[in-house]
>>> print(open('coords-v6.cif').read())   # mmCIF, C-alpha atoms
data_entry
loop_
_atom_site.label_atom_id
_atom_site.label_comp_id
_atom_site.auth_asym_id
_atom_site.auth_seq_id
_atom_site.Cartn_x
_atom_site.Cartn_y
_atom_site.Cartn_z
CA MET A 1 -29.83 59.72 -150.99
CA THR A 2 -28.13 62.98 -151.95
CA THR A 3 -24.42 63.07 -152.58
CA THR A 4 -21.91 65.69 -153.57
CA PRO A 5 -19.17 64.73 -156.04
CA VAL A 6 -15.99 63.03 -154.88
CA THR A 7 -12.95 65.13 -155.51
CA THR A 8 -10.04 63.83 -157.58
CA THR A 9 -7.69 66.33 -155.96
CA ASP A 10 -4.92 64.74 -153.92
CA LEU A 11 -6.20 61.27 -154.85
CA THR A 12 -2.83 59.63 -154.28
CA ARG A 13 -2.80 60.88 -150.70
CA ARG A 14 -6.32 59.62 -150.15
CA ARG A 15 -5.44 56.19 -151.54
CA MET A 16 -2.61 55.99 -149.03
CA LEU A 17 -4.91 57.24 -146.30
CA ALA A 18 -7.59 54.67 -147.03
CA ALA A 19 -5.12 51.81 -147.18
CA ALA A 20 -3.57 52.81 -143.87
CA LEU A 21 -6.82 53.51 -142.07
CA ILE A 22 -8.70 50.50 -143.38
CA THR A 23 -6.00 48.29 -141.89
CA GLY A 24 -6.82 49.54 -138.45
CA VAL A 25 -6.84 53.34 -138.40
CA GLY A 26 -3.19 53.55 -137.55
CA ALA A 27 -2.82 50.06 -136.11
CA ALA A 28 0.25 48.00 -136.90
CA VAL A 29 -1.56 45.65 -139.28
CA PRO A 30 0.14 44.82 -142.61
CA ILE A 31 -1.96 45.64 -145.66
CA SER A 32 -1.48 42.09 -146.92
CA ALA A 33 -2.87 40.73 -143.65
CA ALA A 34 -5.79 43.13 -143.80
CA ARG A 35 -6.65 42.07 -147.35
CA GLN A 36 -6.55 38.45 -146.27
CA ALA A 37 -8.70 39.12 -143.19
CA TRP A 38 -11.33 40.82 -145.31
CA ALA A 39 -11.23 38.51 -148.29
CA VAL A 40 -11.05 35.04 -146.73
CA PRO A 41 -14.15 33.90 -144.81
CA ALA A 42 -13.45 32.09 -141.56
CA ALA A 43 -15.95 29.54 -140.30
CA PRO A 44 -18.71 30.04 -139.47
CA GLY A 45 -18.83 33.54 -141.02
CA PRO A 46 -16.69 36.28 -142.57
CA SER A 47 -13.74 37.67 -140.65
CA GLN A 48 -14.01 41.23 -139.35
CA LEU A 49 -11.30 43.58 -138.24
CA THR A 50 -11.49 45.01 -134.73
CA LEU A 51 -9.37 47.90 -133.57
CA PRO A 52 -6.91 47.20 -130.75
CA ARG A 53 -8.25 47.23 -127.22
CA PRO A 54 -7.34 50.44 -125.33
CA THR A 55 -4.91 50.16 -122.43
CA GLY A 56 -6.77 52.36 -119.94
CA PRO A 57 -8.70 51.14 -116.90
CA HIS A 58 -12.14 52.01 -118.31
CA PRO A 59 -14.23 50.47 -121.08
CA VAL A 60 -15.24 53.00 -123.72
CA GLY A 61 -18.62 54.26 -124.82
CA THR A 62 -19.56 56.46 -127.75
CA VAL A 63 -22.58 58.24 -129.17
CA PRO A 64 -23.10 60.18 -132.43
CA LEU A 65 -24.49 63.71 -132.44
CA HIS A 66 -26.35 65.49 -135.24
CA LEU A 67 -25.62 69.19 -134.85
CA VAL A 68 -26.85 72.34 -136.61
CA ASP A 69 -25.17 75.72 -136.22
CA THR A 70 -28.06 78.12 -136.74
CA SER A 71 -25.66 81.08 -136.80
CA ARG A 72 -24.15 79.97 -140.12
CA PRO A 73 -26.02 79.59 -143.42
CA ASP A 74 -25.10 76.60 -145.59
CA PRO A 75 -24.13 77.96 -149.04
CA VAL A 76 -24.17 74.48 -150.57
CA ALA A 77 -27.58 73.32 -149.35
CA GLY A 78 -29.26 76.59 -150.33
CA PRO A 79 -31.49 79.22 -148.70
CA GLY A 80 -33.01 78.34 -145.35
CA HIS A 81 -30.35 75.75 -144.52
CA HIS A 82 -27.68 76.10 -141.86
CA ARG A 83 -24.33 74.46 -141.25
CA GLU A 84 -24.89 70.79 -140.35
CA LEU A 85 -22.28 68.61 -138.69
CA MET A 86 -21.98 65.05 -137.47
CA ALA A 87 -19.91 64.51 -134.35
CA SER A 88 -19.23 61.70 -131.89
CA VAL A 89 -18.54 61.76 -128.17
CA TRP A 90 -16.17 59.10 -126.80
CA TYR A 91 -15.95 58.66 -123.04
CA PRO A 92 -15.09 56.25 -120.19
CA ALA A 93 -18.00 53.89 -119.56
CA CYS A 94 -19.00 52.12 -116.37
CA THR A 95 -20.33 49.03 -118.17
CA THR A 96 -20.64 47.82 -121.75
CA LYS A 97 -22.50 44.56 -121.14
CA ASP A 98 -24.70 43.45 -124.07
CA LEU A 99 -24.07 46.70 -125.96
CA PRO A 100 -22.86 46.54 -129.59
CA ARG A 101 -19.43 47.74 -130.62
CA ALA A 102 -19.48 50.93 -132.63
CA PRO A 103 -18.42 50.67 -136.29
CA TRP A 104 -15.43 52.69 -137.42
CA MET A 105 -17.64 54.39 -140.05
CA THR A 106 -21.21 53.99 -141.19
CA GLN A 107 -21.53 51.61 -144.13
CA SER A 108 -22.55 54.30 -146.63
CA ALA A 109 -19.67 56.59 -145.71
CA LEU A 110 -17.22 53.69 -145.74
CA ARG A 111 -18.53 52.54 -149.14
CA ALA A 112 -17.93 56.05 -150.51
CA ILE A 113 -14.38 56.38 -149.19
CA LEU A 114 -13.47 52.90 -150.40
CA ALA A 115 -14.84 53.63 -153.88
CA ASP A 116 -12.98 56.94 -153.97
CA ALA A 117 -9.73 55.26 -152.95
CA GLY A 118 -10.16 52.29 -155.30
CA PHE A 119 -9.87 49.88 -152.38
CA PRO A 120 -11.97 46.77 -153.19
CA LEU A 121 -13.31 45.80 -149.78
CA ASP A 122 -16.80 44.94 -148.57
CA PRO A 123 -18.14 47.80 -146.38
CA ALA A 124 -20.23 45.28 -144.46
CA LEU A 125 -16.98 43.95 -143.00
CA GLY A 126 -15.76 47.38 -141.91
CA PRO A 127 -13.67 47.54 -138.74
CA LEU A 128 -15.33 47.67 -135.35
CA THR A 129 -13.98 50.02 -132.71
CA ALA A 130 -13.38 49.17 -129.06
CA ALA A 131 -16.23 51.50 -128.03
CA HIS A 132 -19.78 50.41 -127.26
CA VAL A 133 -22.74 52.42 -128.52
CA GLY A 134 -24.69 54.23 -125.81
CA ALA A 135 -22.85 52.79 -122.80
CA PRO A 136 -23.51 54.64 -119.52
CA VAL A 137 -20.83 57.12 -118.50
CA HIS A 138 -18.38 56.32 -115.72
CA ARG A 139 -18.95 59.06 -113.11
CA THR A 140 -16.59 59.63 -110.21
CA GLY A 141 -17.83 62.90 -108.75
CA HIS A 142 -15.48 64.86 -111.01
CA ARG A 143 -16.28 66.09 -114.48
CA LEU A 144 -14.40 64.68 -117.44
CA PRO A 145 -11.67 66.72 -119.14
CA VAL A 146 -12.55 67.26 -122.79
CA LEU A 147 -10.56 66.98 -126.02
CA VAL A 148 -11.86 68.03 -129.45
CA TYR A 149 -10.47 66.32 -132.55
CA SER A 150 -10.35 67.72 -136.12
CA HIS A 151 -9.56 65.45 -139.09
CA GLY A 152 -7.46 66.10 -142.19
CA ALA A 153 -8.57 67.28 -145.62
CA GLY A 154 -10.88 64.95 -147.52
CA SER A 155 -11.24 62.49 -144.67
CA HIS A 156 -13.63 61.90 -141.74
CA ARG A 157 -13.94 61.96 -137.96
CA GLY A 158 -12.82 58.33 -137.72
CA ASP A 159 -9.21 59.38 -138.33
CA HIS A 160 -7.04 58.42 -135.35
CA THR A 161 -9.81 56.40 -133.73
CA ILE A 162 -7.22 54.29 -131.92
CA MET A 163 -5.85 57.43 -130.29
CA VAL A 164 -9.35 58.69 -129.46
CA GLN A 165 -10.54 55.48 -127.80
CA GLU A 166 -7.25 55.20 -125.94
CA LEU A 167 -7.77 58.65 -124.45
CA ALA A 168 -11.35 57.81 -123.50
CA SER A 169 -10.20 54.65 -121.72
CA HIS A 170 -7.97 56.83 -119.53
CA GLY A 171 -10.79 59.13 -118.44
CA TYR A 172 -11.10 61.77 -121.14
CA ALA A 173 -14.18 62.74 -123.11
CA VAL A 174 -13.20 63.18 -126.76
CA VAL A 175 -15.45 64.90 -129.28
CA THR A 176 -14.69 64.15 -132.93
CA VAL A 177 -16.34 66.11 -135.74
CA ASP A 178 -16.84 65.68 -139.47
CA HIS A 179 -16.19 68.90 -141.39
CA THR A 180 -19.09 68.63 -143.83
CA TYR A 181 -18.13 68.95 -147.53
CA ASP A 182 -14.54 68.04 -146.71
CA ALA A 183 -15.46 64.71 -145.14
CA PHE A 184 -17.22 61.45 -145.89
CA THR A 185 -20.31 61.95 -143.75
CA GLU A 186 -23.63 60.18 -143.39
CA PHE A 187 -26.49 61.96 -141.62
CA PRO A 188 -29.22 60.16 -139.67
CA ASP A 189 -31.73 60.54 -142.53
CA GLY A 190 -29.38 58.74 -144.94
CA ARG A 191 -27.94 61.78 -146.71
CA LEU A 192 -24.32 61.32 -147.69
CA THR A 193 -21.88 64.16 -148.27
CA VAL A 194 -18.36 63.69 -149.55
CA PRO A 195 -15.42 66.04 -150.21
CA ALA A 196 -16.55 68.50 -152.89
CA GLU A 197 -14.69 69.06 -156.14
CA VAL A 198 -16.19 72.49 -156.75
CA PRO A 199 -16.12 75.67 -154.63
CA PRO A 200 -16.69 76.68 -151.93
CA PHE A 201 -13.78 74.67 -150.55
CA LEU A 202 -13.23 74.60 -146.80
CA GLY A 203 -10.03 76.05 -145.40
CA PRO A 204 -8.47 75.70 -141.95
CA ARG A 205 -10.42 78.73 -140.71
CA ASP A 206 -13.67 77.04 -141.69
CA PHE A 207 -12.55 73.97 -139.75
CA ALA A 208 -11.72 76.21 -136.78
CA THR A 209 -15.20 77.74 -136.90
CA ASP A 210 -16.65 74.22 -136.77
CA ILE A 211 -14.45 73.45 -133.76
CA ARG A 212 -15.63 76.57 -131.93
CA PHE A 213 -19.24 75.51 -132.51
CA VAL A 214 -18.34 72.10 -131.06
CA LEU A 215 -17.05 73.96 -128.00
CA ASP A 216 -20.51 75.53 -127.71
CA THR A 217 -21.93 72.01 -127.85
CA VAL A 218 -19.62 70.89 -125.05
CA GLU A 219 -20.83 73.78 -122.92
CA ALA A 220 -24.45 72.86 -123.69
CA MET A 221 -23.95 69.25 -122.58
CA ALA A 222 -22.07 70.41 -119.48
CA ALA A 223 -25.11 72.52 -118.62
CA GLY A 224 -27.44 69.56 -119.05
CA HIS A 225 -28.79 70.29 -122.54
CA ASN A 226 -28.99 67.72 -125.34
CA PRO A 227 -27.58 69.36 -128.51
CA ASP A 228 -28.72 66.62 -130.89
CA VAL A 229 -31.18 68.29 -133.28
CA ASP A 230 -33.13 65.06 -133.72
CA GLY A 231 -33.64 64.77 -129.97
CA ARG A 232 -32.11 61.31 -129.74
CA PRO A 233 -31.46 60.36 -126.12
CA LEU A 234 -27.89 60.56 -124.88
CA PRO A 235 -26.17 57.85 -122.81
CA GLN A 236 -26.94 57.76 -119.12
CA GLY A 237 -24.73 60.19 -117.22
CA LEU A 238 -23.38 62.13 -120.23
CA LEU A 239 -25.30 65.34 -119.59
CA GLY A 240 -23.42 67.28 -116.95
CA ALA A 241 -20.38 65.00 -117.19
CA LEU A 242 -18.12 67.20 -119.34
CA ASP A 243 -15.87 69.86 -117.83
CA PRO A 244 -16.00 73.09 -119.89
CA GLN A 245 -13.12 74.49 -117.82
CA ARG A 246 -10.69 71.76 -118.96
CA ILE A 247 -10.67 71.60 -122.75
CA GLY A 248 -7.85 70.73 -125.14
CA ALA A 249 -7.85 70.30 -128.91
CA PHE A 250 -5.87 68.29 -131.42
CA GLY A 251 -6.01 67.63 -135.13
CA TRP A 252 -4.29 66.07 -138.10
CA SER A 253 -2.99 67.90 -141.19
CA LYS A 254 -5.56 70.62 -142.02
CA GLY A 255 -7.15 69.82 -138.68
CA GLY A 256 -3.82 70.53 -136.99
CA THR A 257 -3.69 73.98 -138.55
CA ALA A 258 -7.33 74.49 -137.54
CA THR A 259 -6.43 73.54 -133.97
CA ALA A 260 -3.82 76.29 -133.83
CA LEU A 261 -6.30 78.81 -135.25
CA THR A 262 -8.90 77.73 -132.69
CA LEU A 263 -6.54 78.37 -129.78
CA LEU A 264 -5.73 81.80 -131.17
CA ALA A 265 -9.42 82.66 -131.45
CA ASP A 266 -10.90 80.98 -128.40
CA GLN A 267 -9.69 81.09 -124.80
CA ARG A 268 -11.83 78.08 -123.89
CA VAL A 269 -9.12 75.76 -125.24
CA GLY A 270 -6.25 75.43 -122.80
CA ALA A 271 -3.75 73.45 -124.89
CA GLY A 272 -3.32 72.17 -128.43
CA LEU A 273 -1.62 69.47 -130.49
CA SER A 274 -1.00 69.51 -134.23
CA ILE A 275 -0.30 66.19 -135.94
CA ASP A 276 1.61 67.22 -139.07
CA GLY A 277 -0.28 70.43 -139.69
CA PRO A 278 1.11 72.55 -142.57
CA MET A 279 0.17 75.82 -140.80
CA GLN A 280 -0.97 77.42 -144.05
CA PRO A 281 -1.77 80.19 -144.63
CA ALA A 282 1.01 81.53 -142.44
CA ILE A 283 0.08 82.14 -138.80
CA THR A 284 1.79 85.27 -137.45
CA THR A 285 -0.08 85.80 -134.17
CA ASP A 286 1.54 84.91 -130.84
CA LEU A 287 0.04 82.04 -128.83
CA ASP A 288 0.66 81.94 -125.09
CA ARG A 289 -0.85 78.52 -124.23
CA PRO A 290 0.84 75.11 -124.38
CA PHE A 291 1.18 73.69 -127.88
CA MET A 292 2.81 70.55 -129.28
CA MET A 293 3.76 69.91 -132.90
CA MET A 294 4.24 66.35 -134.16
CA THR A 295 5.64 66.56 -137.68
CA ALA A 296 6.59 64.12 -140.41
CA ALA A 297 6.11 65.67 -143.85
CA PHE A 298 5.44 69.23 -142.65
CA THR A 299 8.55 69.83 -140.57
CA ARG A 300 10.03 73.20 -139.67
CA ALA A 301 12.93 72.48 -142.00
CA ALA A 302 10.67 71.69 -144.94
CA MET A 303 7.84 74.17 -144.37
CA PRO A 304 8.53 77.88 -143.79
CA ASP A 305 4.98 78.36 -142.47
CA VAL A 306 5.53 75.70 -139.81
CA ALA A 307 8.83 77.33 -138.84
CA GLU A 308 7.09 80.72 -138.66
CA PHE A 309 4.33 79.39 -136.41
CA TRP A 310 6.93 77.86 -134.07
CA THR A 311 8.44 81.31 -133.47
CA HIS A 312 5.07 82.60 -132.29
CA LEU A 313 4.59 80.00 -129.57
CA ARG A 314 5.20 82.02 -126.42
CA GLY A 315 4.24 79.45 -123.80
CA TRP A 316 5.36 75.86 -123.26
CA ARG A 317 6.01 74.24 -126.63
CA LEU A 318 7.20 70.88 -127.90
CA SER A 319 8.28 69.84 -131.37
CA SER A 320 8.55 66.15 -132.17
CA ARG A 321 9.43 64.49 -135.46
CA PRO A 322 10.52 61.00 -136.49
CA THR A 323 14.21 60.44 -137.17
CA GLY A 324 14.43 56.83 -138.22
CA PRO A 325 13.93 54.38 -135.35
CA SER A 326 13.81 57.15 -132.74
CA THR A 327 11.99 60.44 -132.35
CA ARG A 328 13.66 63.83 -132.04
CA ARG A 329 12.07 66.28 -129.61
CA THR A 330 12.67 69.94 -128.95
CA ALA A 331 11.00 71.35 -125.85
CA THR A 332 10.99 74.95 -124.75
CA THR A 333 9.31 76.73 -121.86
CA ARG A 334 8.78 80.45 -122.19
CA HIS A 335 7.56 82.82 -119.52
#
>>> encode(input="coords-v6.cif", output="structure tokens")
Amino acid sequence: MTTTPVTTTDLTRRRMLAAALITGVGAAVPISAARQAWAVPAAPGPSQLTLPRPTGPHPVGTVPLHLVDTSRPDPVAGPGHHRELMASVWYPACTTKDLPRAPWMTQSALRAILADAGFPLDPALGPLTAAHVGAPVHRTGHRLPVLVYSHGAGSHRGDHTIMVQELASHGYAVVTVDHTYDAFTEFPDGRLTVPAEVPPFLGPRDFATDIRFVLDTVEAMAAGHNPDVDGRPLPQGLLGALDPQRIGAFGWSKGGTATALTLLADQRVGAGLSIDGPMQPAITTDLDRPFMMMTAAFTRAAMPDVAEFWTHLRGWRLSSRPTGPSTRRTATTRH
């Protein structure tokens, strides 16, 4: 198994991230309860966390994809290697009978992020999602609208899994992607890559380039082509099920900034959402498509770059930030 070093940069943030995500990837589960659930065996076997069941009318299926962008060399892997990514497709399923639930992360990737965060939990008891691996796709005669998700710095595509599986249960196909070398990623052959502590570091534009390649992958699946480089079969009904004419994108932190950059560079994305993206470096290009900003730490008041980006949103826009027990929203429609 080949690994790249774990970064010590922003370790405090990652500790907080791991603690929050391990307790349910955003679920309202107290850390103390999560520690107890993991540490105390319940007869007849150990307890295991399961993410909350989605509220939509459809069960959820998921499948991993191993992707290679042959247009981009991989400077880390060396000559002859191209940019490799792991992604997952989440979608409404027609049945999940006798199919296993998908883990939140693979055991090796989870072991690495737990070790990096100093969180003493057994990866074998990692949370299970509400999605079932390889379930057949629910087809209605209409193609599925698509959303692409980009994670934050030093994290993984399992961020916001609760949100992703919720969307899938309501009829969306959601493609999540690991940004290799800024993510805890395990490839099908057992290779593990983790956030690097030496250059080249990935910036939001690198994330955006990954997202645009994922858009190519969506188009390939919509046209009936399997993009998995290992040729693993896709779930029944997935090929031809995605709608390349109805694509949105959303991301958290660095992924939120990358989402904005993707919309500016690629007309295939019709709308975007940034979850606390810092919008650095400053974005000074006008964007005419719908965009929503959900901010907590990186508000317009606190971050000049966020405030600058807001002034360049020329279409429908919405700004939402927490203000104690309620949420403050500012909506504007521009023509």
>>> closest_residue(input="coords-v6.cif", among="A:Ile283, A:Ala196, A:Ala301, A:Leu49", to="A:Gly126", atoms="all atoms listed in the file")
A:Leu49
>>> resolve_selection(input="coords-v6.cif", expression="the PyMOL selection byres ((chain A and resi 221) around 10)", output="mmCIF file with C-alpha atoms, in the frame of the given file")
data_model
loop_
_atom_site.group_PDB
_atom_site.id
_atom_site.type_symbol
_atom_site.label_atom_id
_atom_site.label_comp_id
_atom_site.auth_asym_id
_atom_site.auth_seq_id
_atom_site.Cartn_x
_atom_site.Cartn_y
_atom_site.Cartn_z
ATOM 1 C CA LEU A 215 -17.050 73.960 -128.000
ATOM 2 C CA ASP A 216 -20.510 75.530 -127.710
ATOM 3 C CA THR A 217 -21.930 72.010 -127.850
ATOM 4 C CA VAL A 218 -19.620 70.890 -125.050
ATOM 5 C CA GLU A 219 -20.830 73.780 -122.920
ATOM 6 C CA ALA A 220 -24.450 72.860 -123.690
ATOM 7 C CA ALA A 222 -22.070 70.410 -119.480
ATOM 8 C CA ALA A 223 -25.110 72.520 -118.620
ATOM 9 C CA GLY A 224 -27.440 69.560 -119.050
ATOM 10 C CA HIS A 225 -28.790 70.290 -122.540
ATOM 11 C CA ASN A 226 -28.990 67.720 -125.340
ATOM 12 C CA PRO A 227 -27.580 69.360 -128.510
ATOM 13 C CA ASP A 228 -28.720 66.620 -130.890
ATOM 14 C CA LEU A 234 -27.890 60.560 -124.880
ATOM 15 C CA LEU A 238 -23.380 62.130 -120.230
ATOM 16 C CA LEU A 239 -25.300 65.340 -119.590
ATOM 17 C CA GLY A 240 -23.420 67.280 -116.950
ATOM 18 C CA ALA A 241 -20.380 65.000 -117.190
ATOM 19 C CA LEU A 242 -18.120 67.200 -119.340
ATOM 20 C CA ASP A 243 -15.870 69.860 -117.830
ATOM 21 C CA PRO A 244 -16.000 73.090 -119.890
#
>>> resolve_selection(input="coords-v6.cif", expression="the PyMOL selection byres ((chain A and resi 155) around 9)", output="compact mmCIF listing (two decimals) with C-alpha atoms, in the coordinates of the input")
# COMPACT_ATOMS: atom_id res chain seq x y z
CA ARG A 14 -6.32 59.62 -150.15
CA LEU A 17 -4.91 57.24 -146.30
CA ALA A 18 -7.59 54.67 -147.03
CA ILE A 113 -14.38 56.38 -149.19
CA HIS A 151 -9.56 65.45 -139.09
CA GLY A 152 -7.46 66.10 -142.19
CA ALA A 153 -8.57 67.28 -145.62
CA GLY A 154 -10.88 64.95 -147.52
CA HIS A 156 -13.63 61.90 -141.74
CA ARG A 157 -13.94 61.96 -137.96
CA GLY A 158 -12.82 58.33 -137.72
CA ASP A 159 -9.21 59.38 -138.33
CA ASP A 178 -16.84 65.68 -139.47
CA HIS A 179 -16.19 68.90 -141.39
CA ASP A 182 -14.54 68.04 -146.71
CA ALA A 183 -15.46 64.71 -145.14
CA PHE A 184 -17.22 61.45 -145.89
CA VAL A 194 -18.36 63.69 -149.55
CA PRO A 195 -15.42 66.04 -150.21
>>> resolve_selection(input="coords-v6.cif", expression="the PyMOL selection byres ((chain A and resi 171) around 7)", output="list in words")
Tyr91, Pro92, Leu144, Leu167, Ala168, Ser169, His170, Tyr172 and Ala173 of chain A
>>> atom_distance(input="coords-v6.cif", atom1="atom CA of A:Pro123", atom2="atom CA of A:Leu110")
6.0 Å
>>> closest_residue(input="coords-v6.cif", among="A:Ala249, A:Leu67, A:Ile211, A:Met303", to="A:Met279", atoms="all atoms listed in the file")
A:Met303
>>> closest_residue(input="coords-v6.cif", among="A:Asp69, A:Arg212, A:Ala109, A:Ser319", to="A:Ala265", atoms="only C-alpha atoms")
A:Arg212
>>> closest_residue(input="coords-v6.cif", among="A:Pro64, A:Pro120, A:Pro59, A:Pro103", to="A:Val229", atoms="all atoms listed in the file")
A:Pro64
>>> atom_distance(input="coords-v6.cif", atom1="atom CA of A:Ala282", atom2="atom CA of A:Ser150")
19.0 Å
>>> atom_distance(input="coords-v6.cif", atom1="atom CA of A:Gly61", atom2="atom CA of A:Leu263")
27.4 Å
>>> closest_residue(input="coords-v6.cif", among="A:Gly270, A:His138, A:Thr161, A:Gly78", to="A:Met105", atoms="all atoms listed in the file")
A:Thr161
>>> closest_residue(input="coords-v6.cif", among="A:Thr96, A:Gln236, A:Thr176, A:Thr106", to="A:Val137", atoms="all atoms listed in the file")
A:Gln236
>>> residues_around(input="coords-v6.cif", residues="A:Thr209", least_positions_apart="3", cutoff="12 Å", atoms="all atoms listed in the file", output="list in words")
Asp69, Ser71, Arg72, Arg83, Leu85, Ser150, Val177, His179, Leu202, Gly203, Pro204, Arg205, Asp206, Arg212, Phe213, Val214, Leu215, Asp216, Gly255, Ala258, Thr259, Ala260, Leu261, Thr262, Leu263, Leu264, Ala265 and Asp266 of chain A
>>> write_last_selection(input="coords-v6.cif", atoms="C-alpha atoms", output="PDB file, keeping the file's coordinate frame")
ATOM      1  CA  ASP A  69     -25.170  75.720-136.220  1.00  0.00           C
ATOM      2  CA  SER A  71     -25.660  81.080-136.800  1.00  0.00           C
ATOM      3  CA  ARG A  72     -24.150  79.970-140.120  1.00  0.00           C
ATOM      4  CA  ARG A  83     -24.330  74.460-141.250  1.00  0.00           C
ATOM      5  CA  LEU A  85     -22.280  68.610-138.690  1.00  0.00           C
ATOM      6  CA  SER A 150     -10.350  67.720-136.120  1.00  0.00           C
ATOM      7  CA  VAL A 177     -16.340  66.110-135.740  1.00  0.00           C
ATOM      8  CA  HIS A 179     -16.190  68.900-141.390  1.00  0.00           C
ATOM      9  CA  LEU A 202     -13.230  74.600-146.800  1.00  0.00           C
ATOM     10  CA  GLY A 203     -10.030  76.050-145.400  1.00  0.00           C
ATOM     11  CA  PRO A 204      -8.470  75.700-141.950  1.00  0.00           C
ATOM     12  CA  ARG A 205     -10.420  78.730-140.710  1.00  0.00           C
ATOM     13  CA  ASP A 206     -13.670  77.040-141.690  1.00  0.00           C
ATOM     14  CA  ARG A 212     -15.630  76.570-131.930  1.00  0.00           C
ATOM     15  CA  PHE A 213     -19.240  75.510-132.510  1.00  0.00           C
ATOM     16  CA  VAL A 214     -18.340  72.100-131.060  1.00  0.00           C
ATOM     17  CA  LEU A 215     -17.050  73.960-128.000  1.00  0.00           C
ATOM     18  CA  ASP A 216     -20.510  75.530-127.710  1.00  0.00           C
ATOM     19  CA  GLY A 255      -7.150  69.820-138.680  1.00  0.00           C
ATOM     20  CA  ALA A 258      -7.330  74.490-137.540  1.00  0.00           C
ATOM     21  CA  THR A 259      -6.430  73.540-133.970  1.00  0.00           C
ATOM     22  CA  ALA A 260      -3.820  76.290-133.830  1.00  0.00           C
ATOM     23  CA  LEU A 261      -6.300  78.810-135.250  1.00  0.00           C
ATOM     24  CA  THR A 262      -8.900  77.730-132.690  1.00  0.00           C
ATOM     25  CA  LEU A 263      -6.540  78.370-129.780  1.00  0.00           C
ATOM     26  CA  LEU A 264      -5.730  81.800-131.170  1.00  0.00           C
ATOM     27  CA  ALA A 265      -9.420  82.660-131.450  1.00  0.00           C
ATOM     28  CA  ASP A 266     -10.900  80.980-128.400  1.00  0.00           C
TER      29      ASP A 266
END
>>> residues_around(input="coords-v6.cif", residues="A:Thr284", least_positions_apart="3", cutoff="9 Å", atoms="only C-alpha atoms", output="list of chain:residue names")
A:Glu308, A:Phe309, A:Thr311, A:His312
